[in-house]
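Participant: Below: one structure in structure tokens.
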Amino acid sequence: MPFATACCVALDGAVGHLIDVQTDVSAGQPTTVVVGRADALLREGVDRVRMAISNTDLRWPATKRCTFLFSPADLRKSGTHFDLAMAVSLLAADGQLEPPWLDRTAFIGELTLAGGLRPALGVLPMALAAAAGGVRRIYVPEPQAAEATMVPGLEVIGVRSLGQAVASLSGDEPPDAPPVAAATGLRLITWRGDERLDELDLADLRGMAEEKYAVEISAAGGHPVQLSGPKGCGKTSLAERMPTILPDLTPEESLESTALHSLAGVLDAGRGMVVRPPFAAPHHGASKVSVVGGGSGRVQPGEISRTHCGVLLLDEFPLFRTDVIEALRQPLENGDITIARRDESVTLPAGCILVLASNPCPCA
């Protein structure tokens, strides 16, 4: 059969779309064609897939015409995580795999030239979208299997290489493969990370009865609060401890918050799902994109989305740029942020408690 389909997921902000990677291998002038609004990063995947198949002792149909269609064709697709689905669908179309084994199965992962896999950003929201679209089994890079298993009712198979994925689909013994390389966005310095905040508690602070009462009211009702006072009076200490009096996230909030962290590439799968309200305190020199989201290429969640269901502290609030402050007006009113570009519009959750801290005057 010269035609086969494998499933993958395209992300539009925090929304996932199930994509059919359809491949046709037929007689004709030897060439490879990619259609379906694939960006340059995805088109480069043809070369990665070709070398990965060749270096896995599988056969690339070099004497035939290979056509990749990413359907639906009107959606914009971007990213390197389509590589594994492209390789599997091509092998099935060329007769090296049985197409029925791909039914209700999704494939996520970037391929190396040697046939190994690399991690992908946003595996959790991709797995959520796949499960909602009727997928019952998903192949992901081995280190991200724990992340995908957070989705109930989904069989997750973690693999290290294309060879292991093909062996699993064929029912053969998976070959040995080197471990998947760590993601490039891992935090290397953790001495001032989340572990420090885990040890804080509002009960640690003595005195400040009125200030504590204001923070408690803000936490109970989800209201913004502004703390003003001279340096060293305890404004930051109060704000950092606000999450400690908030309840654990509900299962729905936990899954949503974890998906946003996965999309931003800051999820530590080893710690499991995000169950406590997140906290962030960006520097007053932070750009608008880093606070509200955006960026070049794929839209990334900003701090206001990463602290969804949590607390966002803007310390030294008067020193923040005017465009950052103005950009916060709409998400604080609506609980979400819409980032519009020329050819796309992405909406992300932004339901956080805003805490402002400032000095009475510039001279403190």
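Ligands are numbered from 1 in the order shown, residues from 1 within each chain, and chains are lettered A, B, ... in the order they appear in the structure tokens.
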Within 10 Å of Asp201 (chain A), counting only C-alpha atoms, which residues qualify if same-chain residues fewer than 2 places away don't, as a list of chain:residue names?

Facilitator: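 Listed by chain and then number, they are A:Leu197, A:Asp198, A:Glu199, A:Ala203, A:Asp204, A:Leu205, A:Ser237, A:Leu238, A:Glu240, A:Arg241, A:Met242, A:Pro243, A:Thr244, A:Ile245.
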
Participant: Go ahead and save the picked residues with N, CA, C and O atoms, as a tab-separated table (two decimals), in the first residue's frame.

Facilitator:
```
chain	number	residue	atom	x	y	z
A	197	LEU	N	11.12	28.28	48.02
A	197	LEU	CA	9.78	28.72	48.34
A	197	LEU	C	8.98	27.65	49.07
A	197	LEU	O	8.03	27.96	49.78
A	198	ASP	N	9.35	26.39	48.90
A	198	ASP	CA	8.63	25.30	49.56
A	198	ASP	C	8.74	25.38	51.07
A	198	ASP	O	7.90	24.83	51.79
A	199	GLU	N	9.78	26.04	51.57
A	199	GLU	CA	10.02	26.09	53.00
A	199	GLU	C	9.39	27.31	53.67
A	199	GLU	O	9.48	27.48	54.88
A	203	ALA	N	3.05	31.90	58.61
A	203	ALA	CA	3.17	31.86	60.07
A	203	ALA	C	4.58	32.20	60.54
A	203	ALA	O	4.78	32.45	61.74
A	204	ASP	N	5.56	32.23	59.63
A	204	ASP	CA	6.92	32.56	60.02
A	204	ASP	C	7.06	34.03	60.42
A	204	ASP	O	7.99	34.39	61.15
A	205	LEU	N	6.18	34.88	59.91
A	205	LEU	CA	6.31	36.32	60.13
A	205	LEU	C	5.63	36.71	61.44
A	205	LEU	O	4.46	36.35	61.67
A	237	SER	N	8.43	39.56	51.68
A	237	SER	CA	8.23	38.38	52.53
A	237	SER	C	6.76	38.03	52.62
A	237	SER	O	6.38	36.84	52.60
A	238	LEU	N	5.90	39.04	52.72
A	238	LEU	CA	4.46	38.78	52.76
A	238	LEU	C	3.98	38.17	51.44
A	238	LEU	O	3.24	37.19	51.43
A	240	GLU	N	5.64	36.59	49.06
A	240	GLU	CA	6.17	35.25	48.79
A	240	GLU	C	5.42	34.18	49.57
A	240	GLU	O	5.35	33.03	49.13
A	241	ARG	N	4.86	34.56	50.69
A	241	ARG	CA	4.18	33.58	51.53
A	241	ARG	C	2.68	33.50	51.27
A	241	ARG	O	2.00	32.67	51.88
A	242	MET	N	2.17	34.33	50.37
A	242	MET	CA	0.74	34.26	50.07
A	242	MET	C	0.32	32.89	49.54
A	242	MET	O	-0.73	32.36	49.93
A	243	PRO	N	1.09	32.25	48.63
A	243	PRO	CA	0.66	30.92	48.15
A	243	PRO	C	0.53	29.88	49.26
A	243	PRO	O	-0.20	28.90	49.10
A	244	THR	N	1.20	30.09	50.41
A	244	THR	CA	1.13	29.08	51.46
A	244	THR	C	-0.23	29.03	52.14
A	244	THR	O	-0.54	28.04	52.82
A	245	ILE	N	-1.05	30.09	52.00
A	245	ILE	CA	-2.38	30.07	52.62
A	245	ILE	C	-3.46	29.79	51.57
A	245	ILE	O	-4.65	29.81	51.90
```

Participant: Give me every strand (DSSP E) residue in region 35-264 of chain A, going by DSSP on the backbone, as a PyMOL selection string.

Facilitator: chain A and resi 35+65-71+105-107+110-111+117-118+137-141+155-159+225-228

Participant: Can those selected residues be exported to a file as a JSON list (two decimals), in the first residue's frame so that it contains N, CA, C and O atoms?

Facilitator:
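As a result, result_24.json now contains:
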```json
[["chain", "number", "residue", "atom", "x", "y", "z"],
["A", 35, "VAL", "N", 3.51, 19.37, 1.92],
["A", 35, "VAL", "CA", 2.40, 20.30, 1.73],
["A", 35, "VAL", "C", 1.56, 20.34, 3.00],
["A", 35, "VAL", "O", 1.61, 19.44, 3.83],
["A", 65, "ARG", "N", 8.65, 8.78, -5.49],
["A", 65, "ARG", "CA", 8.17, 10.12, -5.14],
["A", 65, "ARG", "C", 7.47, 10.04, -3.79],
["A", 65, "ARG", "O", 6.50, 9.30, -3.62],
["A", 66, "CYS", "N", 7.96, 10.81, -2.83],
["A", 66, "CYS", "CA", 7.40, 10.80, -1.47],
["A", 66, "CYS", "C", 6.68, 12.13, -1.22],
["A", 66, "CYS", "O", 7.28, 13.20, -1.37],
["A", 67, "THR", "N", 5.43, 12.07, -0.82],
["A", 67, "THR", "CA", 4.63, 13.26, -0.56],
["A", 67, "THR", "C", 4.10, 13.21, 0.86],
["A", 67, "THR", "O", 3.44, 12.25, 1.26],
["A", 68, "PHE", "N", 4.42, 14.25, 1.64],
["A", 68, "PHE", "CA", 3.92, 14.39, 3.01],
["A", 68, "PHE", "C", 2.83, 15.46, 3.02],
["A", 68, "PHE", "O", 3.06, 16.60, 2.58],
["A", 69, "LEU", "N", 1.65, 15.12, 3.51],
["A", 69, "LEU", "CA", 0.56, 16.08, 3.69],
["A", 69, "LEU", "C", 0.21, 16.17, 5.16],
["A", 69, "LEU", "O", -0.07, 15.15, 5.80],
["A", 70, "PHE", "N", 0.22, 17.40, 5.69],
["A", 70, "PHE", "CA", -0.17, 17.63, 7.08],
["A", 70, "PHE", "C", -1.61, 18.16, 7.06],
["A", 70, "PHE", "O", -1.85, 19.30, 6.67],
["A", 71, "SER", "N", -2.53, 17.30, 7.46],
["A", 71, "SER", "CA", -3.96, 17.60, 7.34],
["A", 71, "SER", "C", -4.59, 17.79, 8.73],
["A", 71, "SER", "O", -4.24, 17.05, 9.66],
["A", 105, "THR", "N", -3.29, 5.99, 17.22],
["A", 105, "THR", "CA", -1.97, 6.13, 17.83],
["A", 105, "THR", "C", -1.33, 7.42, 17.37],
["A", 105, "THR", "O", -1.38, 7.76, 16.19],
["A", 106, "ALA", "N", -0.75, 8.16, 18.30],
["A", 106, "ALA", "CA", -0.06, 9.42, 17.98],
["A", 106, "ALA", "C", 1.42, 9.27, 18.27],
["A", 106, "ALA", "O", 1.83, 8.49, 19.14],
["A", 107, "PHE", "N", 2.22, 10.06, 17.55],
["A", 107, "PHE", "CA", 3.68, 10.00, 17.67],
["A", 107, "PHE", "C", 4.22, 11.41, 17.84],
["A", 107, "PHE", "O", 3.92, 12.31, 17.04],
["A", 110, "GLU", "N", 11.26, 14.63, 18.22],
["A", 110, "GLU", "CA", 12.23, 15.08, 17.22],
["A", 110, "GLU", "C", 13.30, 14.01, 17.03],
["A", 110, "GLU", "O", 13.76, 13.40, 18.00],
["A", 111, "LEU", "N", 13.68, 13.76, 15.79],
["A", 111, "LEU", "CA", 14.67, 12.74, 15.48],
["A", 111, "LEU", "C", 16.05, 13.36, 15.28],
["A", 111, "LEU", "O", 16.19, 14.47, 14.75],
["A", 117, "LEU", "N", 15.91, 10.02, 19.62],
["A", 117, "LEU", "CA", 14.86, 11.00, 19.87],
["A", 117, "LEU", "C", 15.35, 12.10, 20.78],
["A", 117, "LEU", "O", 16.25, 11.89, 21.60],
["A", 118, "ARG", "N", 14.75, 13.27, 20.62],
["A", 118, "ARG", "CA", 15.00, 14.39, 21.51],
["A", 118, "ARG", "C", 13.67, 14.87, 22.08],
["A", 118, "ARG", "O", 12.62, 14.68, 21.46],
["A", 137, "ARG", "N", -3.32, 5.63, 22.27],
["A", 137, "ARG", "CA", -1.93, 5.26, 22.52],
["A", 137, "ARG", "C", -1.03, 6.33, 21.94],
["A", 137, "ARG", "O", -1.28, 6.86, 20.85],
["A", 138, "ILE", "N", 0.02, 6.68, 22.67],
["A", 138, "ILE", "CA", 0.90, 7.75, 22.22],
["A", 138, "ILE", "C", 2.36, 7.37, 22.48],
["A", 138, "ILE", "O", 2.68, 6.82, 23.54],
["A", 139, "TYR", "N", 3.21, 7.63, 21.50],
["A", 139, "TYR", "CA", 4.65, 7.41, 21.61],
["A", 139, "TYR", "C", 5.33, 8.76, 21.85],
["A", 139, "TYR", "O", 5.10, 9.71, 21.09],
["A", 140, "VAL", "N", 6.15, 8.83, 22.89],
["A", 140, "VAL", "CA", 6.85, 10.07, 23.24],
["A", 140, "VAL", "C", 8.29, 9.73, 23.61],
["A", 140, "VAL", "O", 8.61, 8.57, 23.89],
["A", 141, "PRO", "N", 9.20, 10.72, 23.61],
["A", 141, "PRO", "CA", 10.56, 10.45, 24.11],
["A", 141, "PRO", "C", 10.52, 9.94, 25.55],
["A", 141, "PRO", "O", 9.70, 10.39, 26.35],
["A", 155, "GLU", "N", -2.68, 5.28, 26.89],
["A", 155, "GLU", "CA", -1.53, 4.39, 27.00],
["A", 155, "GLU", "C", -0.30, 5.12, 26.46],
["A", 155, "GLU", "O", -0.27, 5.55, 25.31],
["A", 156, "VAL", "N", 0.71, 5.25, 27.30],
["A", 156, "VAL", "CA", 1.91, 6.00, 26.95],
["A", 156, "VAL", "C", 3.07, 5.04, 26.79],
["A", 156, "VAL", "O", 3.33, 4.20, 27.66],
["A", 157, "ILE", "N", 3.79, 5.17, 25.68],
["A", 157, "ILE", "CA", 4.96, 4.35, 25.42],
["A", 157, "ILE", "C", 6.15, 5.28, 25.22],
["A", 157, "ILE", "O", 6.20, 6.06, 24.27],
["A", 158, "GLY", "N", 7.10, 5.21, 26.13],
["A", 158, "GLY", "CA", 8.31, 6.02, 26.01],
["A", 158, "GLY", "C", 9.40, 5.26, 25.28],
["A", 158, "GLY", "O", 9.71, 4.12, 25.64],
["A", 159, "VAL", "N", 9.96, 5.86, 24.27],
["A", 159, "VAL", "CA", 11.01, 5.23, 23.47],
["A", 159, "VAL", "C", 12.21, 6.16, 23.36],
["A", 159, "VAL", "O", 12.10, 7.36, 23.55],
["A", 225, "VAL", "N", -3.76, 43.05, 45.31],
["A", 225, "VAL", "CA", -3.42, 43.79, 46.52],
["A", 225, "VAL", "C", -2.12, 44.54, 46.28],
["A", 225, "VAL", "O", -1.24, 44.07, 45.55],
["A", 226, "GLN", "N", -2.02, 45.75, 46.86],
["A", 226, "GLN", "CA", -0.80, 46.53, 46.76],
["A", 226, "GLN", "C", -0.22, 46.75, 48.15],
["A", 226, "GLN", "O", -0.93, 47.15, 49.08],
["A", 227, "LEU", "N", 1.07, 46.46, 48.27],
["A", 227, "LEU", "CA", 1.79, 46.62, 49.52],
["A", 227, "LEU", "C", 2.77, 47.78, 49.36],
["A", 227, "LEU", "O", 3.62, 47.75, 48.48],
["A", 228, "SER", "N", 2.63, 48.78, 50.20],
["A", 228, "SER", "CA", 3.50, 49.96, 50.10],
["A", 228, "SER", "C", 4.16, 50.21, 51.44],
["A", 228, "SER", "O", 3.50, 50.16, 52.49]]
```

Participant: Contacts of Ala93 (chain A) at 7 Å or less, counting only C-alpha atoms, minus same-chain residues fewer than 5 places along, as an NGL selection string?

Facilitator: :A and (1-4 or 23-25)

Participant: Apply DSSP to the backbone of this structure and, from region 131-278 of chain A, keep only the residues in helix (DSSP H, G or I); write these as a CSV table (one decimal) with C-alpha atoms, in the first residue's frame.

Facilitator:
```csv
chain,number,residue,atom,x,y,z
A,131,ALA,CA,-6.9,11.9,24.0
A,132,ALA,CA,-9.7,14.4,23.3
A,142,GLU,CA,11.3,8.3,27.1
A,143,PRO,CA,12.0,11.1,29.7
A,144,GLN,CA,8.6,12.7,28.9
A,145,ALA,CA,6.6,9.5,29.4
A,146,ALA,CA,5.8,10.5,33.0
A,147,GLU,CA,4.5,13.8,31.7
A,148,ALA,CA,2.2,12.2,29.2
A,162,LEU,CA,13.0,5.4,15.9
A,163,GLY,CA,14.2,1.8,16.0
A,164,GLN,CA,12.5,1.2,19.3
A,165,ALA,CA,9.3,2.7,18.1
A,166,VAL,CA,9.3,0.5,15.0
A,167,ALA,CA,10.1,-2.6,17.0
A,168,SER,CA,7.2,-1.8,19.4
A,169,LEU,CA,4.8,-1.3,16.6
A,170,SER,CA,5.9,-4.6,15.0
A,194,ASP,CA,11.1,26.5,43.8
A,195,GLU,CA,12.7,24.5,46.6
A,196,ARG,CA,13.4,27.7,48.5
A,197,LEU,CA,9.8,28.7,48.3
A,198,ASP,CA,8.6,25.3,49.6
A,202,LEU,CA,3.0,33.0,56.5
A,203,ALA,CA,3.2,31.9,60.1
A,204,ASP,CA,6.9,32.6,60.0
A,209,ALA,CA,-1.3,41.9,61.9
A,210,GLU,CA,-3.0,44.4,59.6
A,211,GLU,CA,-0.8,43.5,56.7
A,212,LYS,CA,-1.4,39.8,57.1
A,213,TYR,CA,-5.1,40.5,57.3
A,214,ALA,CA,-5.0,42.3,54.0
A,215,VAL,CA,-3.1,39.4,52.4
A,216,GLU,CA,-5.6,36.9,53.7
A,217,ILE,CA,-8.5,38.9,52.3
A,218,SER,CA,-6.7,39.0,48.9
A,219,ALA,CA,-6.1,35.3,49.0
A,220,ALA,CA,-9.6,34.4,50.0
A,221,GLY,CA,-11.3,36.4,47.3
A,235,LYS,CA,6.5,43.5,51.6
A,236,THR,CA,8.3,40.8,49.6
A,237,SER,CA,8.2,38.4,52.5
A,238,LEU,CA,4.5,38.8,52.8
A,239,ALA,CA,3.9,38.3,49.0
A,240,GLU,CA,6.2,35.3,48.8
A,241,ARG,CA,4.2,33.6,51.5
A,242,MET,CA,0.7,34.3,50.1
A,243,PRO,CA,0.7,30.9,48.2
A,244,THR,CA,1.1,29.1,51.5
A,245,ILE,CA,-2.4,30.1,52.6
A,251,PRO,CA,-7.6,18.4,39.6
A,252,GLU,CA,-8.8,20.5,36.6
A,253,GLU,CA,-6.7,23.5,37.7
A,254,SER,CA,-3.7,21.2,38.4
A,255,LEU,CA,-3.8,19.7,34.9
A,256,GLU,CA,-4.3,23.1,33.3
A,257,SER,CA,-1.4,24.7,35.2
A,258,THR,CA,0.9,21.7,34.5
A,259,ALA,CA,0.0,22.0,30.8
A,260,LEU,CA,1.0,25.7,30.7
A,261,HIS,CA,4.3,24.9,32.4
A,262,SER,CA,4.9,22.1,29.9
A,263,LEU,CA,4.1,24.5,27.0
A,264,ALA,CA,6.6,27.0,28.5
A,269,ALA,CA,8.3,16.0,35.3
A,270,GLY,CA,10.2,14.5,38.1
A,271,ARG,CA,8.1,16.5,40.6
```

Participant: Find the spatial neighbours of Ala281 (chain A), counting only C-alpha atoms, within a cut-off of 7 Å - ignore same-chain residues fewer than 3 positions away - and output them as a list in words.

Facilitator: Leu312, Leu313, Leu314 and Asp315 of chain A

Participant: Would you export the selected residues with all heavy atoms as a PDB file, in the first residue's frame, please?

Facilitator:
```
ATOM      1  N   LEU A 312       1.208  36.307  41.191  1.00  0.00           N
ATOM      2  CA  LEU A 312       2.216  37.033  40.415  1.00  0.00           C
ATOM      3  C   LEU A 312       2.589  38.289  41.189  1.00  0.00           C
ATOM      4  O   LEU A 312       1.746  39.165  41.424  1.00  0.00           O
ATOM      5  CB  LEU A 312       1.679  37.400  39.025  1.00  0.00           C
ATOM      6  CG  LEU A 312       2.598  38.266  38.162  1.00  0.00           C
ATOM      7  CD1 LEU A 312       3.894  37.523  37.836  1.00  0.00           C
ATOM      8  CD2 LEU A 312       1.897  38.702  36.878  1.00  0.00           C
ATOM      9  N   LEU A 313       3.847  38.384  41.586  1.00  0.00           N
ATOM     10  CA  LEU A 313       4.348  39.535  42.346  1.00  0.00           C
ATOM     11  C   LEU A 313       5.126  40.459  41.415  1.00  0.00           C
ATOM     12  O   LEU A 313       6.075  40.023  40.753  1.00  0.00           O
ATOM     13  CB  LEU A 313       5.244  39.059  43.495  1.00  0.00           C
ATOM     14  CG  LEU A 313       6.079  40.144  44.197  1.00  0.00           C
ATOM     15  CD1 LEU A 313       5.176  41.168  44.882  1.00  0.00           C
ATOM     16  CD2 LEU A 313       7.047  39.514  45.193  1.00  0.00           C
ATOM     17  N   LEU A 314       4.718  41.727  41.392  1.00  0.00           N
ATOM     18  CA  LEU A 314       5.479  42.754  40.683  1.00  0.00           C
ATOM     19  C   LEU A 314       6.134  43.635  41.746  1.00  0.00           C
ATOM     20  O   LEU A 314       5.548  44.615  42.220  1.00  0.00           O
ATOM     21  CB  LEU A 314       4.568  43.586  39.760  1.00  0.00           C
ATOM     22  CG  LEU A 314       3.823  42.820  38.664  1.00  0.00           C
ATOM     23  CD1 LEU A 314       3.063  43.784  37.751  1.00  0.00           C
ATOM     24  CD2 LEU A 314       4.786  41.963  37.844  1.00  0.00           C
ATOM     25  N   ASP A 315       7.341  43.238  42.125  1.00  0.00           N
ATOM     26  CA  ASP A 315       8.092  43.985  43.132  1.00  0.00           C
ATOM     27  C   ASP A 315       8.698  45.227  42.490  1.00  0.00           C
ATOM     28  O   ASP A 315       9.070  45.207  41.322  1.00  0.00           O
ATOM     29  CB  ASP A 315       9.181  43.093  43.730  1.00  0.00           C
ATOM     30  CG  ASP A 315       9.514  43.483  45.155  1.00  0.00           C
ATOM     31  OD1 ASP A 315       8.976  44.509  45.622  1.00  0.00           O
ATOM     32  OD2 ASP A 315      10.291  42.764  45.796  1.00  0.00           O
TER      33      ASP A 315
END
```

Participant: Please measure the separation of CA of Lys64 (chain A) and CA of Ser89 (chain A), giving the value in Å to one decimal.

Facilitator: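 Taking CA of Lys64 (chain A) and CA of Ser89 (chain A), their separation equals 15.1 Å.
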
Participant: Between A:Thr307, A:Thr322, A:Thr112, A:Thr149, single out the one closest to Leu124 (chain A), counting only C-alpha atoms.

Facilitator: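 Looking only at the distances to Leu124 (chain A), the closest residue turns out to be A:Thr149.
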